[in-house]
>>> print(open('entry-v2.pdb').read())   # PDB, C-alpha atoms
ATOM      1  CA  MET A   1     102.736  -0.132 -37.633  1.00  0.00           C
ATOM      2  CA  ASN A   2     101.597  -2.957 -39.838  1.00  0.00           C
ATOM      3  CA  THR A   3     103.557  -4.385 -42.740  1.00  0.00           C
ATOM      4  CA  ASP A   4     102.184  -5.694 -45.970  1.00  0.00           C
ATOM      5  CA  THR A   5     103.363  -9.232 -45.114  1.00  0.00           C
ATOM      6  CA  THR A   6     101.825  -9.512 -41.645  1.00  0.00           C
ATOM      7  CA  ASP A   7      98.474 -11.218 -41.062  1.00  0.00           C
ATOM      8  CA  ILE A   8      96.119  -8.800 -39.292  1.00  0.00           C
ATOM      9  CA  TYR A   9      93.160 -10.397 -37.484  1.00  0.00           C
ATOM     10  CA  LEU A  10      90.048  -8.239 -37.250  1.00  0.00           C
ATOM     11  CA  CYS A  11      86.423  -8.772 -36.299  1.00  0.00           C
ATOM     12  CA  LEU A  12      83.598  -7.494 -38.494  1.00  0.00           C
ATOM     13  CA  PRO A  13      81.929  -4.405 -36.957  1.00  0.00           C
ATOM     14  CA  TYR A  14      78.819  -2.440 -37.832  1.00  0.00           C
ATOM     15  CA  CYS A  15      80.303   0.215 -40.144  1.00  0.00           C
ATOM     16  CA  GLY A  16      83.511   0.325 -38.100  1.00  0.00           C
ATOM     17  CA  SER A  17      85.611   3.019 -36.481  1.00  0.00           C
ATOM     18  CA  ILE A  18      88.160   5.140 -38.308  1.00  0.00           C
ATOM     19  CA  GLY A  19      90.891   3.143 -36.572  1.00  0.00           C
ATOM     20  CA  HIS A  20      89.369  -0.120 -37.773  1.00  0.00           C
ATOM     21  CA  TRP A  21      89.362   1.169 -41.350  1.00  0.00           C
ATOM     22  CA  ALA A  22      92.945   2.404 -41.072  1.00  0.00           C
ATOM     23  CA  GLN A  23      93.888  -1.188 -40.225  1.00  0.00           C
ATOM     24  CA  LEU A  24      91.571  -2.720 -42.819  1.00  0.00           C
ATOM     25  CA  THR A  25      93.031  -0.659 -45.675  1.00  0.00           C
ATOM     26  CA  SER A  26      96.673  -0.886 -44.605  1.00  0.00           C
ATOM     27  CA  ALA A  27      97.679  -4.496 -45.210  1.00  0.00           C
ATOM     28  CA  ALA A  28      97.496  -7.145 -47.900  1.00  0.00           C
ATOM     29  CA  ASN A  29      96.779  -9.960 -45.449  1.00  0.00           C
ATOM     30  CA  ILE A  30      93.656  -9.180 -43.463  1.00  0.00           C
ATOM     31  CA  LYS A  31      92.078 -12.164 -41.713  1.00  0.00           C
ATOM     32  CA  LEU A  32      88.457 -11.315 -41.015  1.00  0.00           C
ATOM     33  CA  GLU A  33      87.189 -13.439 -38.133  1.00  0.00           C
ATOM     34  CA  ALA A  34      84.176 -15.422 -39.370  1.00  0.00           C
ATOM     35  CA  CYS A  35      83.989 -18.055 -36.624  1.00  0.00           C
ATOM     36  CA  ASP A  36      83.668 -15.957 -33.487  1.00  0.00           C
ATOM     37  CA  SER A  37      80.882 -15.954 -30.926  1.00  0.00           C
ATOM     38  CA  TYR A  38      78.521 -13.042 -30.507  1.00  0.00           C
ATOM     39  CA  SER A  39      78.634 -11.012 -27.308  1.00  0.00           C
ATOM     40  CA  ARG A  40      76.562  -8.026 -26.325  1.00  0.00           C
ATOM     41  CA  ARG A  41      77.727  -4.408 -26.167  1.00  0.00           C
ATOM     42  CA  THR A  42      80.338  -4.676 -28.885  1.00  0.00           C
ATOM     43  CA  CYS A  43      80.905  -2.786 -32.119  1.00  0.00           C
ATOM     44  CA  ARG A  44      79.262  -5.622 -34.055  1.00  0.00           C
ATOM     45  CA  THR A  45      75.964  -3.823 -33.473  1.00  0.00           C
ATOM     46  CA  ARG A  46      76.929  -0.184 -32.911  1.00  0.00           C
ATOM     47  CA  THR A  47      78.952   2.698 -34.259  1.00  0.00           C
ATOM     48  CA  THR A  48      79.631   6.162 -32.817  1.00  0.00           C
ATOM     49  CA  ILE A  49      78.645   9.259 -34.781  1.00  0.00           C
ATOM     50  CA  MET A  50      78.919  12.959 -33.919  1.00  0.00           C
ATOM     51  CA  ALA A  51      75.554  14.596 -33.361  1.00  0.00           C
ATOM     52  CA  SER A  52      74.670  18.174 -32.459  1.00  0.00           C
ATOM     53  CA  ASN A  53      74.827  17.306 -28.730  1.00  0.00           C
ATOM     54  CA  GLY A  54      78.017  15.278 -28.963  1.00  0.00           C
ATOM     55  CA  PRO A  55      78.975  11.685 -29.790  1.00  0.00           C
ATOM     56  CA  ILE A  56      76.150   9.145 -29.801  1.00  0.00           C
ATOM     57  CA  ASP A  57      75.936   5.439 -30.571  1.00  0.00           C
ATOM     58  CA  ILE A  58      73.556   4.191 -33.210  1.00  0.00           C
ATOM     59  CA  SER A  59      72.871   0.492 -32.828  1.00  0.00           C
ATOM     60  CA  VAL A  60      71.213  -2.510 -34.432  1.00  0.00           C
ATOM     61  CA  PRO A  61      68.879  -4.633 -32.256  1.00  0.00           C
ATOM     62  CA  VAL A  62      69.294  -8.367 -32.644  1.00  0.00           C
ATOM     63  CA  HIS A  63      67.778 -11.693 -31.603  1.00  0.00           C
ATOM     64  CA  ALA A  64      70.710 -13.359 -29.876  1.00  0.00           C
ATOM     65  CA  ALA A  65      72.143 -14.730 -26.694  1.00  0.00           C
ATOM     66  CA  ASP A  66      75.740 -14.382 -25.645  1.00  0.00           C
ATOM     67  CA  ASN A  67      78.003 -17.060 -27.153  1.00  0.00           C
ATOM     68  CA  ALA A  68      75.786 -17.697 -30.180  1.00  0.00           C
ATOM     69  CA  LEU A  69      77.801 -17.787 -33.376  1.00  0.00           C
ATOM     70  CA  TYR A  70      78.036 -14.291 -34.815  1.00  0.00           C
ATOM     71  CA  ARG A  71      77.035 -15.519 -38.262  1.00  0.00           C
ATOM     72  CA  ASP A  72      73.819 -16.979 -36.823  1.00  0.00           C
ATOM     73  CA  VAL A  73      72.652 -13.752 -35.157  1.00  0.00           C
ATOM     74  CA  ARG A  74      69.453 -12.356 -36.670  1.00  0.00           C
ATOM     75  CA  VAL A  75      68.513  -8.691 -36.920  1.00  0.00           C
ATOM     76  CA  ASN A  76      65.459  -7.708 -34.879  1.00  0.00           C
ATOM     77  CA  TYR A  77      62.900  -5.664 -36.818  1.00  0.00           C
ATOM     78  CA  ASN A  78      60.281  -5.517 -34.070  1.00  0.00           C
ATOM     79  CA  THR A  79      61.010  -1.789 -33.856  1.00  0.00           C
ATOM     80  CA  THR A  80      61.616   0.762 -36.611  1.00  0.00           C
ATOM     81  CA  TRP A  81      65.268   1.153 -35.636  1.00  0.00           C
ATOM     82  CA  ASN A  82      66.339   1.492 -39.268  1.00  0.00           C
ATOM     83  CA  ALA A  83      64.058   4.495 -39.797  1.00  0.00           C
ATOM     84  CA  GLN A  84      65.363   5.968 -36.531  1.00  0.00           C
ATOM     85  CA  GLN A  85      68.937   5.523 -37.707  1.00  0.00           C
ATOM     86  CA  LYS A  86      68.205   7.261 -40.983  1.00  0.00           C
ATOM     87  CA  ARG A  87      66.797  10.224 -39.063  1.00  0.00           C
ATOM     88  CA  ALA A  88      69.819  10.248 -36.745  1.00  0.00           C
ATOM     89  CA  LEU A  89      72.249  10.227 -39.666  1.00  0.00           C
ATOM     90  CA  ARG A  90      70.340  12.976 -41.442  1.00  0.00           C
ATOM     91  CA  SER A  91      70.219  15.119 -38.306  1.00  0.00           C
ATOM     92  CA  ALA A  92      73.938  14.648 -37.627  1.00  0.00           C
ATOM     93  CA  TYR A  93      75.337  14.939 -41.137  1.00  0.00           C
ATOM     94  CA  ASN A  94      72.860  16.716 -43.401  1.00  0.00           C
ATOM     95  CA  SER A  95      75.037  19.839 -43.392  1.00  0.00           C
ATOM     96  CA  THR A  96      78.296  18.009 -44.128  1.00  0.00           C
ATOM     97  CA  PRO A  97      79.857  18.364 -47.582  1.00  0.00           C
ATOM     98  CA  PHE A  98      79.283  14.795 -48.789  1.00  0.00           C
ATOM     99  CA  PHE A  99      76.214  13.448 -46.999  1.00  0.00           C
ATOM    100  CA  GLU A 100      73.904  14.046 -49.953  1.00  0.00           C
ATOM    101  CA  PHE A 101      76.214  12.054 -52.233  1.00  0.00           C
ATOM    102  CA  TYR A 102      76.374   8.942 -50.034  1.00  0.00           C
ATOM    103  CA  ALA A 103      73.235   8.889 -47.884  1.00  0.00           C
ATOM    104  CA  ASP A 104      70.981   6.974 -50.272  1.00  0.00           C
ATOM    105  CA  ASP A 105      73.485   4.110 -50.512  1.00  0.00           C
ATOM    106  CA  PHE A 106      73.391   3.640 -46.736  1.00  0.00           C
ATOM    107  CA  TYR A 107      69.627   4.087 -46.587  1.00  0.00           C
ATOM    108  CA  ALA A 108      69.238   1.294 -49.140  1.00  0.00           C
ATOM    109  CA  ILE A 109      71.130  -1.131 -46.893  1.00  0.00           C
ATOM    110  CA  LEU A 110      69.163  -0.066 -43.819  1.00  0.00           C
ATOM    111  CA  ASP A 111      65.918  -0.654 -45.718  1.00  0.00           C
ATOM    112  CA  ARG A 112      66.940  -4.075 -47.042  1.00  0.00           C
ATOM    113  CA  HIS A 113      65.755  -6.033 -43.959  1.00  0.00           C
ATOM    114  CA  HIS A 114      68.638  -8.491 -43.805  1.00  0.00           C
ATOM    115  CA  ASN A 115      67.971 -11.663 -41.881  1.00  0.00           C
ATOM    116  CA  PHE A 116      71.472 -11.909 -40.459  1.00  0.00           C
ATOM    117  CA  LEU A 117      73.629  -9.234 -38.816  1.00  0.00           C
ATOM    118  CA  TRP A 118      76.749 -10.668 -40.451  1.00  0.00           C
ATOM    119  CA  ASP A 119      75.295 -10.223 -43.944  1.00  0.00           C
ATOM    120  CA  MET A 120      74.289  -6.620 -43.260  1.00  0.00           C
ATOM    121  CA  ASN A 121      77.692  -5.763 -41.805  1.00  0.00           C
ATOM    122  CA  MET A 122      79.474  -7.352 -44.767  1.00  0.00           C
ATOM    123  CA  GLU A 123      77.355  -5.314 -47.161  1.00  0.00           C
ATOM    124  CA  MET A 124      78.138  -2.148 -45.204  1.00  0.00           C
ATOM    125  CA  MET A 125      81.849  -2.955 -45.362  1.00  0.00           C
ATOM    126  CA  GLU A 126      81.791  -3.526 -49.110  1.00  0.00           C
ATOM    127  CA  LEU A 127      79.796  -0.319 -49.678  1.00  0.00           C
ATOM    128  CA  ILE A 128      82.225   1.793 -47.665  1.00  0.00           C
ATOM    129  CA  ALA A 129      85.166   0.230 -49.495  1.00  0.00           C
ATOM    130  CA  SER A 130      83.528   1.093 -52.804  1.00  0.00           C
ATOM    131  CA  LEU A 131      82.826   4.682 -51.761  1.00  0.00           C
ATOM    132  CA  ILE A 132      86.428   5.299 -50.701  1.00  0.00           C
ATOM    133  CA  SER A 133      87.734   3.538 -53.832  1.00  0.00           C
ATOM    134  CA  VAL A 134      89.724   0.772 -52.183  1.00  0.00           C
ATOM    135  CA  ARG A 135      89.812  -2.932 -52.950  1.00  0.00           C
ATOM    136  CA  LEU A 136      89.996  -4.744 -49.650  1.00  0.00           C
ATOM    137  CA  LYS A 137      92.472  -7.585 -49.375  1.00  0.00           C
ATOM    138  CA  TYR A 138      91.015 -10.004 -46.878  1.00  0.00           C
ATOM    139  CA  SER A 139      90.070 -13.619 -46.369  1.00  0.00           C
ATOM    140  CA  LEU A 140      87.627 -15.151 -43.900  1.00  0.00           C
ATOM    141  CA  THR A 141      88.865 -17.432 -41.146  1.00  0.00           C
ATOM    142  CA  GLU A 142      87.689 -21.047 -41.355  1.00  0.00           C
ATOM    143  CA  GLN A 143      87.951 -21.830 -37.655  1.00  0.00           C
ATOM    144  CA  TYR A 144      88.408 -19.822 -34.483  1.00  0.00           C
ATOM    145  CA  VAL A 145      91.986 -19.775 -33.169  1.00  0.00           C
ATOM    146  CA  ALA A 146      92.480 -18.181 -29.776  1.00  0.00           C
ATOM    147  CA  HIS A 147      96.110 -17.199 -30.361  1.00  0.00           C
ATOM    148  CA  PRO A 148      96.738 -16.863 -34.102  1.00  0.00           C
ATOM    149  CA  ASP A 149     100.060 -16.096 -35.734  1.00  0.00           C
ATOM    150  CA  GLY A 150     100.092 -12.446 -36.709  1.00  0.00           C
ATOM    151  CA  ILE A 151      98.690  -9.269 -35.166  1.00  0.00           C
ATOM    152  CA  ASP A 152      95.491 -10.032 -33.270  1.00  0.00           C
ATOM    153  CA  LEU A 153      93.264  -6.945 -33.087  1.00  0.00           C
ATOM    154  CA  ARG A 154      89.998  -8.833 -32.636  1.00  0.00           C
ATOM    155  CA  ARG A 155      89.489  -7.543 -29.108  1.00  0.00           C
ATOM    156  CA  GLY A 156      89.195  -4.073 -30.660  1.00  0.00           C
ATOM    157  CA  ILE A 157      85.571  -4.988 -31.379  1.00  0.00           C
ATOM    158  CA  GLU A 158      84.918  -4.064 -27.733  1.00  0.00           C
ATOM    159  CA  PRO A 159      84.331  -0.301 -27.320  1.00  0.00           C
ATOM    160  CA  LYS A 160      86.598  -0.078 -24.268  1.00  0.00           C
ATOM    161  CA  ARG A 161      89.435  -1.684 -26.230  1.00  0.00           C
ATOM    162  CA  GLN A 162      88.866   0.106 -29.521  1.00  0.00           C
ATOM    163  CA  SER A 163      91.949   2.263 -28.932  1.00  0.00           C
ATOM    164  CA  ILE A 164      94.221  -0.681 -29.823  1.00  0.00           C
ATOM    165  CA  MET A 165      93.275  -0.047 -33.450  1.00  0.00           C
ATOM    166  CA  THR A 166      95.104   3.281 -33.473  1.00  0.00           C
ATOM    167  CA  GLU A 167      98.139   2.423 -31.343  1.00  0.00           C
ATOM    168  CA  GLY A 168     101.254   3.697 -33.083  1.00  0.00           C
ATOM    169  CA  MET A 169      99.263   5.673 -35.647  1.00  0.00           C
ATOM    170  CA  LYS A 170      99.286   9.383 -36.301  1.00  0.00           C
ATOM    171  CA  GLU A 171      96.240  11.396 -35.330  1.00  0.00           C
ATOM    172  CA  VAL A 172      95.061  12.956 -38.573  1.00  0.00           C
ATOM    173  CA  GLY A 173      92.587  15.805 -38.460  1.00  0.00           C
ATOM    174  CA  TYR A 174      89.818  16.536 -40.928  1.00  0.00           C
ATOM    175  CA  TYR A 175      86.892  18.940 -41.053  1.00  0.00           C
ATOM    176  CA  GLN A 176      84.092  18.033 -38.618  1.00  0.00           C
ATOM    177  CA  VAL A 177      80.827  19.915 -38.821  1.00  0.00           C
ATOM    178  CA  PHE A 178      80.559  20.341 -35.016  1.00  0.00           C
ATOM    179  CA  GLU A 179      84.266  20.992 -34.392  1.00  0.00           C
ATOM    180  CA  SER A 180      83.677  24.601 -33.341  1.00  0.00           C
ATOM    181  CA  LYS A 181      81.361  23.309 -30.595  1.00  0.00           C
ATOM    182  CA  PHE A 182      83.207  20.226 -29.327  1.00  0.00           C
ATOM    183  CA  GLY A 183      86.702  20.472 -30.752  1.00  0.00           C
ATOM    184  CA  PHE A 184      88.087  17.732 -32.968  1.00  0.00           C
ATOM    185  CA  VAL A 185      86.924  14.272 -31.865  1.00  0.00           C
ATOM    186  CA  PRO A 186      89.135  11.419 -33.140  1.00  0.00           C
ATOM    187  CA  ASP A 187      88.271   7.827 -34.011  1.00  0.00           C
ATOM    188  CA  LEU A 188      84.549   8.169 -34.524  1.00  0.00           C
ATOM    189  CA  SER A 189      82.656   5.974 -36.971  1.00  0.00           C
ATOM    190  CA  ILE A 190      84.119   5.840 -40.461  1.00  0.00           C
ATOM    191  CA  LEU A 191      80.816   7.447 -41.474  1.00  0.00           C
ATOM    192  CA  ASP A 192      81.938  10.675 -39.814  1.00  0.00           C
ATOM    193  CA  MET A 193      85.093  10.866 -41.903  1.00  0.00           C
ATOM    194  CA  LEU A 194      83.276   9.788 -45.050  1.00  0.00           C
ATOM    195  CA  PHE A 195      80.485  12.367 -44.806  1.00  0.00           C
ATOM    196  CA  ASN A 196      82.893  15.156 -43.856  1.00  0.00           C
ATOM    197  CA  ALA A 197      85.912  14.342 -46.028  1.00  0.00           C
ATOM    198  CA  GLY A 198      84.409  12.401 -48.937  1.00  0.00           C
ATOM    199  CA  PRO A 199      86.975  11.282 -51.539  1.00  0.00           C
ATOM    200  CA  GLU A 200      89.873  12.246 -49.246  1.00  0.00           C
ATOM    201  CA  THR A 201      88.927   9.506 -46.777  1.00  0.00           C
ATOM    202  CA  LEU A 202      91.352   6.893 -48.096  1.00  0.00           C
ATOM    203  CA  LEU A 203      94.196   9.436 -48.167  1.00  0.00           C
ATOM    204  CA  LEU A 204      93.489  10.333 -44.541  1.00  0.00           C
ATOM    205  CA  LEU A 205      93.463   6.664 -43.512  1.00  0.00           C
ATOM    206  CA  ARG A 206      96.837   6.129 -45.172  1.00  0.00           C
ATOM    207  CA  GLN A 207      98.229   9.228 -43.513  1.00  0.00           C
ATOM    208  CA  MET A 208      97.293   7.691 -40.170  1.00  0.00           C
ATOM    209  CA  GLN A 209      99.557   4.759 -41.053  1.00  0.00           C
ATOM    210  CA  GLY A 210     102.338   7.096 -42.149  1.00  0.00           C
ATOM    211  CA  LYS A 211     101.966   6.251 -45.812  1.00  0.00           C
TER     212      LYS A 211
END
>>> encode(input="entry-v2.pdb", output="structure tokens")
Amino acid sequence: MNTDTTDIYLCLPYCGSIGHWAQLTSAANIKLEACDSYSRRTCRTRTTIMASNGPIDISVPVHAADNALYRDVRVNYNTTWNAQQKRALRSAYNSTPFFEFYADDFYAILDRHHNFLWDMNMEMMELIASLISVRLKYSLTEQYVAHPDGIDLRRGIEPKRQSIMTEGMKEVGYYQVFESKFGFVPDLSILDMLFNAGPETLLLLRQMQGK
């Protein structure tokens, strides 16, 4: 469990998992990695939502090669992926209690046509923080350090290692619209908790940390 005096190193994802947000909202000293290289198939470009047929990834196409600087990666608008994502979100969450209250805010970001993936992901992060009524306490790194002092959770940006975000945390349940069909599915995108639990999202995240 994190303490308020420990530096926590995190990468910036697309929306982010529930575990990522439990970490992001738990400490006063978040170091958000701003000098890392981009690599494919990470949570920088995807997030997992619960659809009527089970969990699915929604993703952002980019113009990039492995090892390019993350902050230099450009969003690819050669396809209408943003319109497809809006339809996917509507199909998955239209019947949840809070989708109608938050959807337009996310649609506005998807329609903004950001040049850079980093800028879009930062705007998503700040929007989610605003919607759950939390002021994030973070600073951006100024250079990449392979082995920083503090708790290094940056490898949690990889889907196969995402579970490190919730190590030592409580599993906290909340209403999920497809729970009767699939059972409760933990650690989905923060969007799942937000659309289903609304203003209780921050309370649930703190309960995960035992607060």
>>> closest_residue(input="entry-v2.pdb", among="A:Leu203, A:Cys11, A:Leu127, A:Met165", to="Asp36 in chain A", atoms="all atoms listed in the file")
A:Cys11
>>> resolve_selection(input="entry-v2.pdb", expression="the PyMOL selection byres ((chain A and resi 132) around 7)", output="PyMOL selection string")
chain A and resi 128-131+133-134+199+201-202
>>> closest_residue(input="entry-v2.pdb", among="A:Asp72, A:Glu142, A:Asp192, A:Glu171", to="Gly16 in chain A", atoms="all atoms listed in the file")
A:Asp192
>>> closest_residue(input="entry-v2.pdb", among="A:Leu117, A:Val145, A:Ala27, A:Met125", to="Leu191 in chain A", atoms="all atoms listed in the file")
A:Met125
>>> resolve_selection(input="entry-v2.pdb", expression="the PyMOL selection byres ((chain A and resi 87-96) around 9)", output="PyMOL selection string")
chain A and resi 49-52+58+82-86+97-100+103+176-177+192+195-197
